[in-house]
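Presented below is the structure to which this report refers.
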Amino acid sequence: MGEIIAQQLMLWSLLWLGGALVGLWRSHHPFWRPFWLMSGIWALVDAAIAMAGWLGAEPSPDALRRVLLINAGLDVVYVAAGAWLYTRKTPQLRGFGLAVLIQGFFLLAFDLFHGLQI
């Protein structure tokens with residue numbers, strides 16, 4: 001089960017990394033450039049986590065469930081931080097905030113879905 005979860009997270013990461021590269025190449029807007037930069041950073045971190053899950057030993061179902069549910073709790077913090085950034089006045093912080101919101105909501109749904117399926 002852990003390998004499938006890692007593969008799905010890697011797919012998400014690669015899609016966002018590709019989008020971030022195109023977005024950074026094409027955009028110079030003070031909102032969208034930070035959005036794509038932050039999206040790319042999240043994609044790299046997610047890819048590293050997916051790779052570690054892929055290469056590591058298969059965890060027990062209980063251990064995997066525990067990790068996913070703890071991560072879901074952290075994802076709530078990411079969503080709150082993204083919402084706070086999005087309410088700021090500067091376009092840079094708003095762009096960062098939207099990227100964190102999108103990634104945080106996805107990861108919250110992803111972790112809860114898989115954590116409750118195991």
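Each chain in the structure tokens gets a letter, A, B, ..., in the order shown, and its residues are numbered from 1; ligands are numbered from 1 in order too.
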Item to check | Residues near A:Arg94, cut-off 9 Å, only C-alpha atoms, skip fewer than 2 positions along chain, as a list in words | outcome: Phe31, Pro34, Phe35, Gly82, Ala83, Trp84, Leu85, Tyr86, Thr87, Arg88, Lys89, Thr90, Pro91, Gln92, Phe96, Gly97, Leu98 and Ala99 of chain A
Could the residues in this selection be written to a file with N, CA and C atoms, as a PDB file, in the first residue's frame?
```pdb
ATOM      1  N   PHE A  31       2.075  38.448  -8.515  1.00  0.00           N
ATOM      2  CA  PHE A  31       1.271  37.434  -7.818  1.00  0.00           C
ATOM      3  C   PHE A  31       1.630  36.038  -8.313  1.00  0.00           C
ATOM      4  N   PRO A  34       5.473  34.341  -7.532  1.00  0.00           N
ATOM      5  CA  PRO A  34       5.606  33.675  -6.223  1.00  0.00           C
ATOM      6  C   PRO A  34       4.726  32.421  -6.105  1.00  0.00           C
ATOM      7  N   PHE A  35       3.547  32.465  -6.733  1.00  0.00           N
ATOM      8  CA  PHE A  35       2.684  31.282  -6.716  1.00  0.00           C
ATOM      9  C   PHE A  35       3.409  30.089  -7.327  1.00  0.00           C
ATOM     10  N   GLY A  82      -1.524  29.092   4.733  1.00  0.00           N
ATOM     11  CA  GLY A  82      -1.816  29.562   3.387  1.00  0.00           C
ATOM     12  C   GLY A  82      -2.941  30.571   3.381  1.00  0.00           C
ATOM     13  N   ALA A  83      -3.984  30.327   4.161  1.00  0.00           N
ATOM     14  CA  ALA A  83      -5.100  31.278   4.252  1.00  0.00           C
ATOM     15  C   ALA A  83      -4.624  32.600   4.827  1.00  0.00           C
ATOM     16  N   TRP A  84      -3.784  32.540   5.845  1.00  0.00           N
ATOM     17  CA  TRP A  84      -3.268  33.768   6.442  1.00  0.00           C
ATOM     18  C   TRP A  84      -2.433  34.554   5.419  1.00  0.00           C
ATOM     19  N   LEU A  85      -1.546  33.865   4.712  1.00  0.00           N
ATOM     20  CA  LEU A  85      -0.739  34.542   3.689  1.00  0.00           C
ATOM     21  C   LEU A  85      -1.617  35.140   2.593  1.00  0.00           C
ATOM     22  N   TYR A  86      -2.658  34.417   2.215  1.00  0.00           N
ATOM     23  CA  TYR A  86      -3.528  34.881   1.133  1.00  0.00           C
ATOM     24  C   TYR A  86      -4.284  36.150   1.510  1.00  0.00           C
ATOM     25  N   THR A  87      -4.477  36.395   2.792  1.00  0.00           N
ATOM     26  CA  THR A  87      -5.188  37.601   3.228  1.00  0.00           C
ATOM     27  C   THR A  87      -4.274  38.827   3.333  1.00  0.00           C
ATOM     28  N   ARG A  88      -2.987  38.651   3.133  1.00  0.00           N
ATOM     29  CA  ARG A  88      -2.054  39.778   3.195  1.00  0.00           C
ATOM     30  C   ARG A  88      -2.273  40.697   1.996  1.00  0.00           C
ATOM     31  N   LYS A  89      -1.732  41.900   2.082  1.00  0.00           N
ATOM     32  CA  LYS A  89      -1.950  42.903   1.040  1.00  0.00           C
ATOM     33  C   LYS A  89      -1.023  42.767  -0.163  1.00  0.00           C
ATOM     34  N   THR A  90       0.186  42.305   0.049  1.00  0.00           N
ATOM     35  CA  THR A  90       1.139  42.280  -1.067  1.00  0.00           C
ATOM     36  C   THR A  90       0.852  41.103  -2.003  1.00  0.00           C
ATOM     37  N   PRO A  91       0.996  41.323  -3.305  1.00  0.00           N
ATOM     38  CA  PRO A  91       0.741  40.240  -4.251  1.00  0.00           C
ATOM     39  C   PRO A  91       1.668  39.041  -4.041  1.00  0.00           C
ATOM     40  N   GLN A  92       2.907  39.287  -3.613  1.00  0.00           N
ATOM     41  CA  GLN A  92       3.838  38.186  -3.396  1.00  0.00           C
ATOM     42  C   GLN A  92       3.324  37.238  -2.312  1.00  0.00           C
ATOM     43  N   PHE A  96       2.093  33.340  -2.683  1.00  0.00           N
ATOM     44  CA  PHE A  96       2.592  32.255  -1.837  1.00  0.00           C
ATOM     45  C   PHE A  96       1.424  31.569  -1.117  1.00  0.00           C
ATOM     46  N   GLY A  97       0.507  32.390  -0.591  1.00  0.00           N
ATOM     47  CA  GLY A  97      -0.630  31.855   0.160  1.00  0.00           C
ATOM     48  C   GLY A  97      -1.512  30.942  -0.664  1.00  0.00           C
ATOM     49  N   LEU A  98      -1.811  31.346  -1.902  1.00  0.00           N
ATOM     50  CA  LEU A  98      -2.653  30.505  -2.744  1.00  0.00           C
ATOM     51  C   LEU A  98      -1.970  29.171  -3.030  1.00  0.00           C
ATOM     52  N   ALA A  99      -0.678  29.200  -3.292  1.00  0.00           N
ATOM     53  CA  ALA A  99       0.057  27.951  -3.547  1.00  0.00           C
ATOM     54  C   ALA A  99       0.014  27.040  -2.319  1.00  0.00           C
TER      55      ALA A  99
END
```
Checklist entry - So which residues touch A:Ile118 within 8 Å, counting only C-alpha atoms, skipping near sequence neighbours fewer than 3 positions away, as a list of chain:residue names? => result A:Pro61, A:Asp62, A:Arg65, A:His114, A:Gly115
Checklist entry - What is the atom CA of A:Gly73-atom CA of A:Ile102 distance in Å, reported with one decimal? => result 15.8 Å
Checklist entry - Skipping near chain neighbours, those fewer than 5 positions away, what residues fall within 8 Å of A:Val76 using only C-alpha atoms, listed as a ChimeraX atom specification? => result /A:104-105,108
Only N, CA, C and O atoms, please: the residues just picked out, written as a compact mmCIF listing (two decimals), in the first residue's frame.
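Done, and the output landed in result22.txt:
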```
# COMPACT_ATOMS: atom_id res chain seq x y z
N GLY A 104 -1.85 22.43 0.52
CA GLY A 104 -2.33 21.99 1.83
C GLY A 104 -3.66 21.25 1.74
O GLY A 104 -3.85 20.20 2.36
N PHE A 105 -4.60 21.80 0.94
CA PHE A 105 -5.89 21.13 0.79
C PHE A 105 -5.73 19.77 0.10
O PHE A 105 -6.37 18.79 0.49
N LEU A 108 -4.16 17.37 2.60
CA LEU A 108 -5.13 17.01 3.63
C LEU A 108 -6.08 15.94 3.11
O LEU A 108 -6.29 14.91 3.76
```
Checklist entry - Within 10 Å of A:Gln7, counting only C-alpha atoms, which residues qualify if same-chain residues fewer than 2 places away don't, as a ChimeraX atom specification? => result /A:2-5,9-13,47,50-51,53-54
Next on the checklist: Please compute the atom CA of A:Ala63-atom CA of A:Ile41 distance, one decimal, in Å.
Outcome noted: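 Computing the Euclidean distance for atom CA of A:Ala63 and atom CA of A:Ile41 yields 27.1 Å.
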Checklist entry - If you measure from atom CA of A:Asn71 to atom CA of A:Leu107, what distance in Å do you get, rounded to one decimal? => result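 One can read the atom CA of A:Asn71 to atom CA of A:Leu107 distance as 8.3 Å.
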Can you tell me, as an mmCIF file with N, CA, C and O atoms, in the first residue's frame, what residues are no more than 10 Å from A:Gly19 when counting only C-alpha atoms, ignoring any on the same chain fewer than 4 positions away?
```
data_model
loop_
_atom_site.group_PDB
_atom_site.id
_atom_site.type_symbol
_atom_site.label_atom_id
_atom_site.label_comp_id
_atom_site.auth_asym_id
_atom_site.auth_seq_id
_atom_site.Cartn_x
_atom_site.Cartn_y
_atom_site.Cartn_z
ATOM 1 N N SER A 13 3.424 15.418 -7.646
ATOM 2 C CA SER A 13 4.627 16.248 -7.566
ATOM 3 C C SER A 13 5.158 16.589 -8.948
ATOM 4 O O SER A 13 5.502 17.748 -9.228
ATOM 5 N N LEU A 14 5.248 15.599 -9.804
ATOM 6 C CA LEU A 14 5.788 15.835 -11.144
ATOM 7 C C LEU A 14 4.884 16.750 -11.966
ATOM 8 O O LEU A 14 5.379 17.615 -12.707
ATOM 9 N N LEU A 15 3.583 16.569 -11.827
ATOM 10 C CA LEU A 15 2.657 17.464 -12.535
ATOM 11 C C LEU A 15 2.834 18.915 -12.076
ATOM 12 O O LEU A 15 2.898 19.838 -12.892
ATOM 13 N N GLY A 23 5.197 27.930 -15.470
ATOM 14 C CA GLY A 23 4.698 29.164 -14.869
ATOM 15 C C GLY A 23 5.804 30.158 -14.572
ATOM 16 O O GLY A 23 5.658 31.361 -14.831
ATOM 17 N N LEU A 24 6.911 29.687 -14.041
ATOM 18 C CA LEU A 24 8.035 30.580 -13.751
ATOM 19 C C LEU A 24 8.660 31.123 -15.031
ATOM 20 O O LEU A 24 9.088 32.277 -15.089
ATOM 21 N N TRP A 25 8.704 30.315 -16.051
ATOM 22 C CA TRP A 25 9.282 30.732 -17.327
ATOM 23 C C TRP A 25 8.407 31.786 -17.998
ATOM 24 O O TRP A 25 8.905 32.751 -18.555
ATOM 25 N N TRP A 36 3.990 30.287 -8.503
ATOM 26 C CA TRP A 36 4.672 29.174 -9.178
ATOM 27 C C TRP A 36 5.951 28.773 -8.456
ATOM 28 O O TRP A 36 6.294 27.581 -8.410
ATOM 29 N N SER A 39 4.814 26.740 -5.502
ATOM 30 C CA SER A 39 4.296 25.457 -5.996
ATOM 31 C C SER A 39 5.444 24.524 -6.354
ATOM 32 O O SER A 39 5.381 23.315 -6.081
ATOM 33 N N GLY A 40 6.483 25.057 -6.970
ATOM 34 C CA GLY A 40 7.643 24.249 -7.320
ATOM 35 C C GLY A 40 8.378 23.731 -6.096
ATOM 36 O O GLY A 40 8.821 22.576 -6.061
ATOM 37 N N ALA A 43 6.373 20.971 -4.697
ATOM 38 C CA ALA A 43 6.494 19.792 -5.558
ATOM 39 C C ALA A 43 7.797 19.053 -5.292
ATOM 40 O O ALA A 43 7.820 17.818 -5.240
#
```
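Take the candidates A:Ala72, A:Ala80, A:Trp32, A:Leu101 and check each one against A:Phe113 using only C-alpha atoms; the shortest distance goes to A:Ala72.
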Checklist entry - Nearest to A:Met1: which of A:Leu69, A:Val79, A:Leu74, A:Ala57 is it, counting only C-alpha atoms? => result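 The shortest atom-to-atom distance to A:Met1 comes from A:Ala57.
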Next on the checklist: Taking only stretch 13-96 of chain A into account, list the residues labelled helix (DSSP H, G or I) by DSSP (computed from the backbone), as a PyMOL selection string.
Outcome noted: chain A and resi 13-26+32-55+61-86+91-96
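Between A:Met38 and the residues A:Ala109, A:Gln8, A:Trp16, A:Val100, the shortest atom-to-atom distance, using only C-alpha atoms, involves A:Val100.
Closest to A:Asp46 among A:Ile70, A:Leu64, A:Leu17, A:Val22 is A:Leu17, based on only C-alpha atoms.
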